[in-house]
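*Asks:* What follows is the file start_7.csv, containing CSV, C-alpha atoms and all ligand atoms:
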```csv
chain,number,residue,atom,x,y,z
R,1,MET,CA,105.0,124.2,115.4
R,2,PRO,CA,102.1,122.6,117.3
R,3,ALA,CA,103.1,120.2,120.1
R,4,GLY,CA,101.1,117.5,121.9
R,5,THR,CA,99.7,114.0,121.5
R,6,VAL,CA,96.9,113.1,119.1
R,7,ALA,CA,95.3,109.7,118.4
R,8,VAL,CA,94.4,108.5,114.9
R,9,LEU,CA,91.9,105.6,114.7
R,10,GLY,CA,92.7,103.2,111.9
R,11,ALA,CA,96.2,104.6,111.3
R,12,THR,CA,97.1,101.5,109.3
R,13,GLY,CA,94.5,102.5,106.6
R,14,LYS,CA,94.8,104.7,103.5
R,15,THR,CA,93.3,107.7,105.2
R,16,GLY,CA,94.5,107.1,108.8
R,17,GLY,CA,98.1,106.5,107.5
R,18,ALA,CA,98.1,109.8,105.6
R,19,VAL,CA,96.6,111.7,108.6
R,20,ALA,CA,99.2,110.1,111.0
R,21,ALA,CA,102.1,110.9,108.7
R,22,ALA,CA,101.0,114.6,108.4
R,23,ALA,CA,100.6,114.8,112.2
R,24,LEU,CA,104.1,113.4,112.7
R,25,HIS,CA,105.4,115.8,110.1
R,26,ALA,CA,103.8,118.7,112.0
R,27,GLY,CA,105.7,117.6,115.2
R,28,LEU,CA,102.9,116.0,117.0
R,29,THR,CA,103.2,112.7,118.9
R,30,VAL,CA,100.8,110.2,117.3
R,31,ARG,CA,99.0,107.3,118.8
R,32,GLY,CA,97.6,105.0,116.1
R,33,THR,CA,95.0,102.3,116.6
R,34,THR,CA,94.9,99.0,114.8
R,35,ARG,CA,93.4,95.7,115.8
R,36,ASP,CA,96.8,94.1,115.5
R,37,PRO,CA,99.5,96.3,117.1
R,38,ASP,CA,102.2,93.6,116.8
R,39,SER,CA,102.2,93.7,113.0
R,40,ALA,CA,100.9,97.2,112.4
R,41,ASP,CA,101.9,98.5,109.0
R,42,GLY,CA,101.8,102.3,109.1
R,43,PRO,CA,104.0,105.4,109.3
R,44,ALA,CA,107.2,105.0,111.2
R,45,GLY,CA,107.1,106.9,114.5
R,46,VAL,CA,103.5,106.1,115.3
R,47,HIS,CA,102.9,104.6,118.8
R,48,TRP,CA,100.6,101.7,118.2
R,49,HIS,CA,97.7,100.7,120.4
R,50,GLY,CA,95.3,97.8,120.0
R,51,ALA,CA,91.7,98.9,119.6
R,52,ASP,CA,88.6,97.5,117.9
R,53,LEU,CA,86.0,100.0,116.8
R,54,LEU,CA,83.3,97.3,116.5
R,55,THR,CA,83.5,96.0,120.0
R,56,GLY,CA,85.1,99.2,121.6
R,57,ASP,CA,87.8,97.0,123.2
R,58,GLY,CA,91.0,99.0,123.9
R,59,LEU,CA,89.6,102.4,122.7
R,60,VAL,CA,89.6,104.2,126.1
R,61,GLN,CA,93.2,103.0,126.8
R,62,ALA,CA,94.3,104.0,123.3
R,63,LEU,CA,92.8,107.5,123.6
R,64,ALA,CA,93.9,108.2,127.2
R,65,GLY,CA,96.5,110.9,127.3
R,66,ALA,CA,95.7,112.3,123.8
R,67,GLU,CA,94.6,115.9,123.4
R,68,ALA,CA,92.7,115.2,120.2
R,69,ALA,CA,91.3,112.2,118.4
R,70,TYR,CA,90.7,111.6,114.7
R,71,LEU,CA,87.8,109.3,114.1
R,72,ILE,CA,87.9,107.2,111.0
R,73,VAL,CA,85.7,104.2,110.3
R,74,PRO,CA,86.6,101.5,107.7
R,75,ASN,CA,85.2,102.2,104.2
R,76,VAL,CA,81.6,101.2,103.7
R,77,HIS,CA,81.3,99.6,107.1
R,78,PRO,CA,77.7,98.8,108.0
R,79,ALA,CA,78.3,99.7,111.7
R,80,GLU,CA,79.6,103.2,111.0
R,81,VAL,CA,77.1,105.0,113.3
R,82,GLU,CA,77.7,102.6,116.2
R,83,MET,CA,81.5,102.8,115.7
R,84,VAL,CA,81.5,106.6,115.8
R,85,GLU,CA,79.2,106.6,118.9
R,86,LYS,CA,81.6,104.2,120.7
R,87,ALA,CA,84.6,106.2,119.7
R,88,ALA,CA,83.1,109.5,120.8
R,89,ARG,CA,82.0,108.1,124.1
R,90,ALA,CA,85.5,106.6,124.6
R,91,ALA,CA,87.1,109.9,123.8
R,92,THR,CA,85.0,111.6,126.5
R,93,GLU,CA,85.8,108.9,129.0
R,94,ALA,CA,89.5,109.2,128.2
R,95,GLY,CA,89.4,113.0,128.7
R,96,VAL,CA,90.2,113.9,125.1
R,97,ASP,CA,89.7,117.6,124.5
R,98,ARG,CA,89.1,117.7,120.7
R,99,VAL,CA,87.4,115.2,118.4
R,100,VAL,CA,87.5,115.3,114.6
R,101,TYR,CA,85.4,113.0,112.5
R,102,HIS,CA,86.3,112.0,108.9
R,103,SER,CA,82.9,112.0,107.1
R,104,VAL,CA,82.3,112.5,103.4
R,105,ALA,CA,81.0,115.2,101.0
R,106,ASP,CA,77.2,115.0,100.4
R,107,PRO,CA,76.4,112.9,103.5
R,108,ASP,CA,72.7,113.4,102.7
R,109,ASP,CA,72.9,111.8,99.2
R,110,GLU,CA,70.1,109.3,99.4
R,111,ARG,CA,71.4,107.2,96.5
R,112,MET,CA,74.3,106.0,98.7
R,113,ALA,CA,73.6,104.2,102.0
R,114,HIS,CA,77.2,104.6,103.2
R,115,HIS,CA,76.9,108.4,102.8
R,116,LEU,CA,73.6,108.4,104.7
R,117,ARG,CA,75.3,106.5,107.5
R,118,LYS,CA,78.0,109.2,107.7
R,119,GLY,CA,75.2,111.8,107.9
R,120,ARG,CA,73.6,109.8,110.8
R,121,ALA,CA,77.0,109.4,112.5
R,122,GLU,CA,77.6,113.2,112.3
R,123,THR,CA,74.2,113.7,114.1
R,124,VAL,CA,75.0,111.2,116.8
R,125,LEU,CA,78.5,112.8,117.2
R,126,ARG,CA,77.1,116.3,117.5
R,127,GLU,CA,74.7,115.1,120.3
R,128,LEU,CA,77.7,113.7,122.2
R,129,ARG,CA,80.3,116.2,121.3
R,130,PRO,CA,78.8,119.4,119.9
R,131,GLU,CA,82.2,121.0,119.6
R,132,ALA,CA,83.5,118.2,117.3
R,133,VAL,CA,85.0,119.3,113.9
R,134,VAL,CA,83.7,117.4,110.9
R,135,LEU,CA,85.6,117.0,107.7
R,136,ARG,CA,83.7,116.1,104.5
R,137,PRO,CA,86.1,115.1,101.7
R,138,CYS,CA,85.3,114.3,98.2
R,139,ALA,CA,86.8,111.1,96.7
R,140,TYR,CA,90.6,111.1,96.7
R,141,GLN,CA,92.9,111.6,93.7
R,142,GLN,CA,94.9,108.7,95.3
R,143,ASN,CA,92.0,106.3,94.5
R,144,LEU,CA,93.1,106.4,90.8
R,145,LEU,CA,96.8,107.2,91.2
R,146,GLY,CA,98.1,103.6,91.0
R,147,ALA,CA,96.0,102.8,87.9
R,148,ALA,CA,97.1,106.0,86.2
R,149,LEU,CA,100.8,105.1,86.9
R,150,VAL,CA,100.3,101.7,85.2
R,151,GLY,CA,98.5,103.3,82.2
R,152,ARG,CA,95.0,102.1,82.5
R,153,LEU,CA,92.1,103.8,84.3
R,154,ALA,CA,89.2,101.3,84.2
R,155,VAL,CA,86.1,102.3,86.2
R,156,PRO,CA,82.6,100.8,86.5
R,157,TYR,CA,80.9,104.0,85.6
R,158,ARG,CA,80.8,106.6,82.8
R,159,VAL,CA,84.3,108.0,81.9
R,160,SER,CA,82.6,111.3,81.0
R,161,ALA,CA,81.3,111.9,84.6
R,162,PRO,CA,82.9,114.8,86.5
R,163,PHE,CA,84.7,114.5,89.8
R,164,SER,CA,86.4,117.1,92.0
R,165,LEU,CA,88.9,114.6,93.3
R,166,VAL,CA,90.9,115.9,96.3
R,167,ASP,CA,94.6,115.1,97.2
R,168,LEU,CA,94.6,113.0,100.4
R,169,GLY,CA,97.7,115.0,101.4
R,170,ASP,CA,95.7,118.2,101.4
R,171,VAL,CA,93.0,116.5,103.4
R,172,ALA,CA,95.6,115.3,105.9
R,173,GLU,CA,96.9,118.8,106.2
R,174,VAL,CA,93.5,120.1,107.2
R,175,ALA,CA,93.1,117.1,109.5
R,176,VAL,CA,96.2,118.3,111.4
R,177,GLN,CA,94.8,121.8,111.6
R,178,ALA,CA,91.7,120.3,113.2
R,179,LEU,CA,93.6,118.1,115.6
R,180,SER,CA,95.7,121.1,116.6
R,181,GLY,CA,92.7,123.1,117.6
R,182,ARG,CA,93.1,125.6,114.7
R,183,LEU,CA,89.5,125.1,113.3
R,184,GLU,CA,86.4,126.5,114.8
R,185,PRO,CA,84.9,124.1,117.4
R,186,GLY,CA,81.6,122.7,116.0
R,187,SER,CA,82.5,123.5,112.4
R,188,THR,CA,82.0,121.3,109.3
R,189,HIS,CA,84.3,121.6,106.2
R,190,VAL,CA,83.8,120.3,102.7
R,191,LEU,CA,87.1,119.3,101.1
R,192,GLY,CA,87.1,119.2,97.3
R,193,GLY,CA,89.9,119.3,94.8
R,194,PRO,CA,90.5,122.3,92.5
R,195,GLU,CA,89.3,120.9,89.2
R,196,ASP,CA,86.2,119.1,87.9
R,197,LEU,CA,87.7,116.3,85.8
R,198,THR,CA,86.2,113.3,84.1
R,199,VAL,CA,88.1,110.0,84.0
R,200,GLU,CA,88.9,110.8,80.3
R,201,ASP,CA,90.4,114.1,81.5
R,202,LEU,CA,92.4,112.3,84.2
R,203,ALA,CA,93.8,109.9,81.7
R,204,ARG,CA,94.7,112.7,79.2
R,205,THR,CA,96.4,114.7,81.9
R,206,ALA,CA,98.3,111.6,83.2
R,207,ALA,CA,99.5,110.8,79.7
R,208,GLY,CA,100.8,114.3,79.4
R,209,VAL,CA,102.6,114.3,82.7
R,210,LEU,CA,103.9,110.7,82.5
R,211,GLY,CA,104.9,110.9,78.8
R,212,ARG,CA,103.2,107.6,77.9
R,213,PRO,CA,99.7,106.4,77.0
R,214,VAL,CA,97.1,106.2,79.7
R,215,SER,CA,93.7,104.8,78.7
R,216,ALA,CA,90.2,105.6,80.2
R,217,THR,CA,87.8,102.7,80.0
R,218,ALA,CA,84.3,102.1,81.4
R,219,ILE,CA,84.0,98.4,82.5
R,220,THR,CA,80.9,96.7,83.5
R,221,THR,CA,80.1,96.0,87.2
R,222,ALA,CA,80.5,92.3,86.4
R,223,GLN,CA,84.0,92.9,85.1
R,224,TRP,CA,84.7,95.0,88.2
R,225,ARG,CA,83.5,92.2,90.4
R,226,SER,CA,85.7,89.6,88.8
R,227,GLY,CA,88.7,92.0,89.0
R,228,PRO,CA,89.4,94.8,91.5
R,229,GLY,CA,86.1,94.3,93.3
R,230,ALA,CA,86.6,90.5,93.9
R,231,GLY,CA,86.9,90.9,97.6
R,232,ALA,CA,83.7,92.9,98.1
R,233,GLU,CA,80.7,91.1,99.5
R,234,GLY,CA,77.5,91.6,101.5
R,235,SER,CA,76.5,95.1,102.3
R,236,ALA,CA,79.9,96.5,101.3
R,237,LEU,CA,79.3,95.2,97.8
R,238,THR,CA,75.8,96.6,97.7
R,239,ASP,CA,77.1,100.0,98.9
R,240,LEU,CA,79.9,100.1,96.3
R,241,LEU,CA,77.5,99.2,93.4
R,242,ALA,CA,75.1,102.0,94.5
R,243,MET,CA,78.1,104.4,94.6
R,244,PHE,CA,79.1,103.4,91.1
R,245,GLU,CA,75.5,104.0,89.9
R,246,ALA,CA,75.5,107.4,91.5
R,247,TYR,CA,78.9,108.2,89.9
R,248,ASP,CA,77.6,107.1,86.6
R,249,GLN,CA,74.6,109.4,86.9
R,250,THR,CA,76.2,112.6,88.1
R,251,GLY,CA,79.9,112.0,89.0
R,252,PHE,CA,80.9,113.6,92.4
R,253,THR,CA,81.7,117.3,92.4
R,254,VAL,CA,81.9,119.7,95.4
R,255,ASP,CA,82.8,123.4,95.9
R,256,PRO,CA,86.6,123.7,95.9
R,257,ALA,CA,86.7,127.1,97.7
R,258,PRO,CA,86.6,125.9,101.4
R,259,LEU,CA,89.7,123.7,101.0
R,260,THR,CA,91.7,126.5,99.3
R,261,HIS,CA,90.7,128.8,102.1
R,262,LEU,CA,91.8,126.4,104.8
R,263,LEU,CA,95.1,125.6,103.1
R,264,GLY,CA,95.8,129.3,102.4
R,265,ARG,CA,97.1,128.2,99.0
R,266,PRO,CA,95.8,126.6,95.9
R,267,SER,CA,94.9,122.9,96.5
R,268,THR,CA,96.9,120.2,94.7
R,269,THR,CA,95.9,119.5,91.1
R,270,TRP,CA,95.9,116.0,89.6
R,271,ALA,CA,98.9,116.9,87.4
R,272,GLN,CA,100.9,118.2,90.5
R,273,LEU,CA,100.2,114.9,92.4
R,274,LEU,CA,101.4,112.9,89.4
R,275,SER,CA,104.5,115.0,89.0
R,276,LYS,CA,105.3,114.6,92.7
R,277,GLU,CA,104.8,110.8,92.5
R,278,THR,CA,107.2,110.5,89.6
R,279,SER,CA,109.9,113.0,90.6
R,301,LIG,N1,88.6,106.7,99.6
R,301,LIG,C1,88.0,107.9,99.4
R,301,LIG,O1,88.0,108.5,98.4
R,301,LIG,C2,87.2,108.5,100.6
R,301,LIG,C3,86.7,109.8,100.5
R,301,LIG,C4,86.0,110.3,101.5
R,301,LIG,C5,85.8,109.6,102.7
R,301,LIG,N2,86.4,108.4,102.8
R,301,LIG,C6,86.2,107.6,104.1
R,301,LIG,O2,87.5,107.4,104.7
R,301,LIG,C7,87.3,106.3,105.6
R,301,LIG,C8,88.6,105.5,105.6
R,301,LIG,O3,88.7,104.9,104.3
R,301,LIG,P1,90.0,104.1,103.9
R,301,LIG,O4,89.8,103.6,102.6
R,301,LIG,O5,91.1,105.0,104.2
R,301,LIG,O6,90.0,102.9,105.0
R,301,LIG,P2,90.9,101.7,105.0
R,301,LIG,O7,92.2,101.9,104.2
R,301,LIG,O8,90.1,100.5,104.6
R,301,LIG,O9,91.3,101.6,106.5
R,301,LIG,C9,90.5,101.0,107.4
R,301,LIG,C10,91.1,101.1,108.8
R,301,LIG,O10,90.1,100.7,109.7
R,301,LIG,C11,90.7,99.8,110.6
R,301,LIG,N3,89.7,98.9,111.0
R,301,LIG,C12,89.1,98.0,110.3
R,301,LIG,N4,88.1,97.3,111.0
R,301,LIG,C13,88.3,97.8,112.2
R,301,LIG,C14,87.6,97.6,113.4
R,301,LIG,N5,86.7,96.6,113.6
R,301,LIG,N6,88.0,98.3,114.5
R,301,LIG,C15,89.0,99.2,114.4
R,301,LIG,N7,89.6,99.5,113.2
R,301,LIG,C16,89.2,98.8,112.2
R,301,LIG,C17,91.9,99.1,109.9
R,301,LIG,O11,92.8,98.8,110.8
R,301,LIG,P3,93.4,97.4,111.1
R,301,LIG,O12,93.0,96.5,110.0
R,301,LIG,O13,94.9,97.6,111.2
R,301,LIG,O14,92.7,97.0,112.4
R,301,LIG,C18,92.3,100.3,109.0
R,301,LIG,O15,93.4,101.0,109.6
R,301,LIG,C19,86.0,105.6,105.3
R,301,LIG,O16,85.1,105.9,106.2
R,301,LIG,C20,85.6,106.2,103.9
R,301,LIG,O17,84.3,106.2,103.7
R,301,LIG,C21,87.1,107.8,101.8
```
Translate the structure described by the file into structure tokens.
Ligand SMILES: NC(=O)c1ccc[n+]([C@@H]2O[C@H](COP(=O)([O-])OP(=O)(O)OC[C@H]3O[C@@H](n4cnc5c(N)ncnc54)[C@H](OP(=O)(O)O)[C@@H]3O)[C@@H](O)[C@H]2O)c1
*Replies:*
Amino acid sequence: MPAGTVAVLGATGKTGGAVAAAALHAGLTVRGTTRDPDSADGPAGVHWHGADLLTGDGLVQALAGAEAAYLIVPNVHPAEVEMVEKAARAATEAGVDRVVYHSVADPDDERMAHHLRKGRAETVLRELRPEAVVLRPCAYQQNLLGAALVGRLAVPYRVSAPFSLVDLGDVAEVAVQALSGRLEPGSTHVLGGPEDLTVEDLARTAAGVLGRPVSATAITTAQWRSGPGAGAEGSALTDLLAMFEAYDQTGFTVDPAPLTHLLGRPSTTWAQLLSKETS
């Protein structure tokens, strides 16, 4: 069992919460950052520290004493490159031995500005910390889990487009390997799920596992904006609409082999995730 202290930036978020929970489960002591430590909503057992990635305030203090830091930037944030640079510099100032960056698969996909920002952030990070480990996950299965459980997958792109959605739990397991120093310094890892499934396939499988109807519907971006996307604005909205267009064109598939190799077991299927959620 690995021992030691690790820091997870944005541990109140979807990804950070999963990474923090996996690190705690592995026996690590976890420092989590949030802008509001007094009302932090994240895994029990995390030691909360106030830090703001945008200004850099509190980062060095939050990281001091940690052996490893997991860098996560909020989804589609326009300042991703600057935030990663601030966090990497803070990690060095705080004496953190290992840095791991949560990027994305296909960071050079020119159709999506937020992917390109992650590509630029990787370059900046490599200049500052050449030994950093970079994880490049595909989209998560968890993005569609809640909708599947309530019986309606409605997405603003083609329901026949293929995706190798990855289980966030599997991603978090690899994140812990990286934080514990078990991945090659300077390495980059693409993390994709075991199957290429369309939203129609996901609905069909979910209906089979759940034993009730699950629909797959393509909605317009206008419908998305007046529903689940109501809070999106500015560059985040532009980024998400570009992402939906890319998904509509090609879906989002990646090689599943690296994740299986890292896990030393088959990665989690959509049906397995659904079964686990409902058992
Ligand atoms: N969803 C996917 O399928 C997927 C796939 C691959 C990669 N990713 C990447 O994963 C990353 C995380 O996405 P997510 O959806 O898990 O994020 P999220 O749930 O939106 O979490 C964002 C986190 O960032 C923190 N945060 C927000 N503004 C901050 C600031 N100014 N300074 C410091 N912390 C701040 C929030 O903490 P407080 O509000 O508590 O301060 C929160 O913990 C993104 O970069 C995304 O591109 C996502």
*Asks:* Do a neighbour search on Val30 (chain R) at 9 Å with all atoms listed in the file, toss out local chain neighbours closer than 6 positions, and write the hits as a VMD selection string.
*Replies:* chain R and resid 4 to 8 20 to 21 23 to 24 45 to 48 66
*Asks:* Could you dump the residues just selected with C-alpha atoms as a PDB file, in the coordinates of the input?
*Replies:*
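Written output follows (again05.pdb):
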```
ATOM      1  CA  GLY R   4     101.100 117.500 121.900  1.00  0.00           C
ATOM      2  CA  THR R   5      99.700 114.000 121.500  1.00  0.00           C
ATOM      3  CA  VAL R   6      96.900 113.100 119.100  1.00  0.00           C
ATOM      4  CA  ALA R   7      95.300 109.700 118.400  1.00  0.00           C
ATOM      5  CA  VAL R   8      94.400 108.500 114.900  1.00  0.00           C
ATOM      6  CA  ALA R  20      99.200 110.100 111.000  1.00  0.00           C
ATOM      7  CA  ALA R  21     102.100 110.900 108.700  1.00  0.00           C
ATOM      8  CA  ALA R  23     100.600 114.800 112.200  1.00  0.00           C
ATOM      9  CA  LEU R  24     104.100 113.400 112.700  1.00  0.00           C
ATOM     10  CA  GLY R  45     107.100 106.900 114.500  1.00  0.00           C
ATOM     11  CA  VAL R  46     103.500 106.100 115.300  1.00  0.00           C
ATOM     12  CA  HIS R  47     102.900 104.600 118.800  1.00  0.00           C
ATOM     13  CA  TRP R  48     100.600 101.700 118.200  1.00  0.00           C
ATOM     14  CA  ALA R  66      95.700 112.300 123.800  1.00  0.00           C
TER      15      ALA R  66
END
```
*Asks:* So which one's closest to ligand LIG 301 (chain R), R:Thr268, R:Ser275, R:Thr123, R:Asn75? Using all atoms listed in the file, please.
*Replies:*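 Ranking R:Thr268, R:Ser275, R:Thr123, R:Asn75 by distance to ligand LIG 301 (chain R), first place goes to R:Asn75.
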*Asks:* I'd like the neighbourhood of region 160-170 of chain R as a PyMOL selection string, where a residue qualifies if any of its atoms comes within 9 Å (using all atoms listed in the file), though same-chain residues fewer than 3 positions away should be ignored.
*Replies:* chain R and resi 14-15+18-19+22+137-143+157+173-175+191-201+247-256+259+263+267-270+273
*Asks:* Of the candidates R:Ala90, R:Leu241, R:Ala257, R:Val209, which one gets nearest to Leu274 (chain R) if we count only C-alpha atoms?
*Replies:*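 Nearest candidate to Leu274 (chain R) out of R:Ala90, R:Leu241, R:Ala257, R:Val209: R:Val209.
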*Asks:* Near region 231-233 of chain R, counting all atoms listed in the file, which residues have an atom at most 12 Å away, once you skip same-chain residues fewer than 5 positions from it, shown as an mmCIF file with C-alpha atoms, in the coordinates of the input?
*Replies:*
```cif
data_model
loop_
_atom_site.group_PDB
_atom_site.id
_atom_site.type_symbol
_atom_site.label_atom_id
_atom_site.label_comp_id
_atom_site.auth_asym_id
_atom_site.auth_seq_id
_atom_site.Cartn_x
_atom_site.Cartn_y
_atom_site.Cartn_z
ATOM 1 C CA ASN R 75 85.200 102.200 104.200
ATOM 2 C CA VAL R 76 81.600 101.200 103.700
ATOM 3 C CA HIS R 77 81.300 99.600 107.100
ATOM 4 C CA PRO R 78 77.700 98.800 108.000
ATOM 5 C CA THR R 221 80.100 96.000 87.200
ATOM 6 C CA TRP R 224 84.700 95.000 88.200
ATOM 7 C CA ARG R 225 83.500 92.200 90.400
ATOM 8 C CA SER R 226 85.700 89.600 88.800
ATOM 9 C CA THR R 238 75.800 96.600 97.700
ATOM 10 C CA ASP R 239 77.100 100.000 98.900
ATOM 11 C CA LEU R 240 79.900 100.100 96.300
ATOM 12 C CA LEU R 241 77.500 99.200 93.400
#
```
*Asks:* Report, in Å to a single decimal, how far apart CA of Ala26 (chain R) and CA of Ser180 (chain R) are.
*Replies:* 9.6 Å
*Asks:* Looking at R:Val171, R:Glu110, R:Leu28, R:Val96, which one is nearest to ligand LIG 301 (chain R), with distances taken over all atoms listed in the file?
*Replies:*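 Looking at the shortest contact to ligand LIG 301 (chain R), the residue is R:Val171.
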*Asks:* Work out how far CA of Ser187 (chain R) is from atom O6 of ligand LIG 301 (chain R), in Å to one decimal.
*Replies:*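 Rounded to one decimal, the two atoms are 23.1 Å apart.
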*Asks:* Could you state the separation of CA of Gly56 (chain R) and CA of Gly13 (chain R) in Å, given to one decimal place?
*Replies:* 18.0 Å
*Asks:* Between R:Glu85, R:Glu184, R:Asp57, R:Asp108, which is the closest to Leu71 (chain R) once you count only C-alpha atoms?
*Replies:*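 Nearest candidate to Leu71 (chain R) out of R:Glu85, R:Glu184, R:Asp57, R:Asp108: R:Glu85.
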*Asks:* Which of these residues is nearest to ligand LIG 301 (chain R), using only C-alpha atoms and all ligand atoms: R:Gly27, R:Pro266, R:Gly16, R:Pro185?
*Replies:*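 Selected residue with least distance to ligand LIG 301 (chain R): R:Gly16.
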*Asks:* Pull the neighbourhood of (85.9, 104.4, 84.3) for me: all residues within 7 Å in file coordinates, counting only C-alpha atoms, as a PyMOL selection string.
*Replies:* chain R and resi 153-159+199+216-219
*Asks:* Hey, which of R:Val60, R:Ala51, R:Ala148, R:Ala172 ends up closest to Pro37 (chain R)? Count all atoms listed in the file.
*Replies:*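 Ranked by minimum distance to Pro37 (chain R), first place goes to R:Ala51.
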*Asks:* Missing atoms in region 139-146 of chain R should be modelled up to all heavy atoms and reported as a tab-separated table (two decimals), in the coordinates of the input.
*Replies:*
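As written to disk, out_39.tsv reads:
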```tsv
chain	number	residue	atom	x	y	z
R	139	ALA	N	85.91	112.29	96.93
R	139	ALA	CA	86.80	111.10	96.70
R	139	ALA	C	88.21	111.59	96.43
R	139	ALA	O	88.44	112.70	95.95
R	139	ALA	CB	86.25	110.37	95.44
R	140	TYR	N	89.16	110.72	96.79
R	140	TYR	CA	90.60	111.10	96.70
R	140	TYR	C	91.16	110.91	95.31
R	140	TYR	O	90.85	109.92	94.63
R	140	TYR	CB	91.45	110.26	97.66
R	140	TYR	CG	90.96	110.10	99.07
R	140	TYR	CD1	91.17	108.90	99.74
R	140	TYR	CD2	90.31	111.13	99.74
R	140	TYR	CE1	90.75	108.73	101.05
R	140	TYR	CE2	89.88	110.96	101.05
R	140	TYR	CZ	90.10	109.76	101.70
R	140	TYR	OH	89.67	109.59	102.99
R	141	GLN	N	92.11	111.77	94.96
R	141	GLN	CA	92.90	111.60	93.70
R	141	GLN	C	93.66	110.24	93.83
R	141	GLN	O	93.83	109.52	92.85
R	141	GLN	CB	93.90	112.72	93.56
R	141	GLN	CG	93.25	114.06	93.29
R	141	GLN	CD	94.25	115.22	93.34
R	141	GLN	OE1	95.41	115.05	93.70
R	141	GLN	NE2	93.79	116.41	92.98
R	142	GLN	N	94.08	109.91	95.05
R	142	GLN	CA	94.90	108.70	95.30
R	142	GLN	C	94.15	107.43	94.89
R	142	GLN	O	94.79	106.41	94.61
R	142	GLN	CB	95.37	108.64	96.72
R	142	GLN	CG	96.60	109.47	97.02
R	142	GLN	CD	96.32	110.98	97.14
R	142	GLN	OE1	95.18	111.43	97.00
R	142	GLN	NE2	97.34	111.76	97.38
R	143	ASN	N	92.80	107.47	94.86
R	143	ASN	CA	92.00	106.30	94.50
R	143	ASN	C	92.42	105.79	93.08
R	143	ASN	O	92.32	104.61	92.77
R	143	ASN	CB	90.54	106.51	94.54
R	143	ASN	CG	90.05	106.83	95.94
R	143	ASN	OD1	90.76	106.64	96.91
R	143	ASN	ND2	88.82	107.33	96.04
R	144	LEU	N	92.78	106.75	92.21
R	144	LEU	CA	93.10	106.40	90.80
R	144	LEU	C	94.55	106.55	90.45
R	144	LEU	O	94.92	106.34	89.30
R	144	LEU	CB	92.21	107.29	89.88
R	144	LEU	CG	90.70	107.02	89.95
R	144	LEU	CD1	89.93	107.99	89.06
R	144	LEU	CD2	90.37	105.58	89.56
R	145	LEU	N	95.35	106.90	91.43
R	145	LEU	CA	96.80	107.20	91.20
R	145	LEU	C	97.51	105.93	90.65
R	145	LEU	O	98.20	105.98	89.63
R	145	LEU	CB	97.44	107.72	92.42
R	145	LEU	CG	98.91	108.08	92.31
R	145	LEU	CD1	99.14	109.17	91.26
R	145	LEU	CD2	99.44	108.54	93.67
R	146	GLY	N	97.36	104.81	91.36
R	146	GLY	CA	98.10	103.60	91.00
R	146	GLY	C	97.72	103.16	89.56
R	146	GLY	O	98.59	102.80	88.76
```
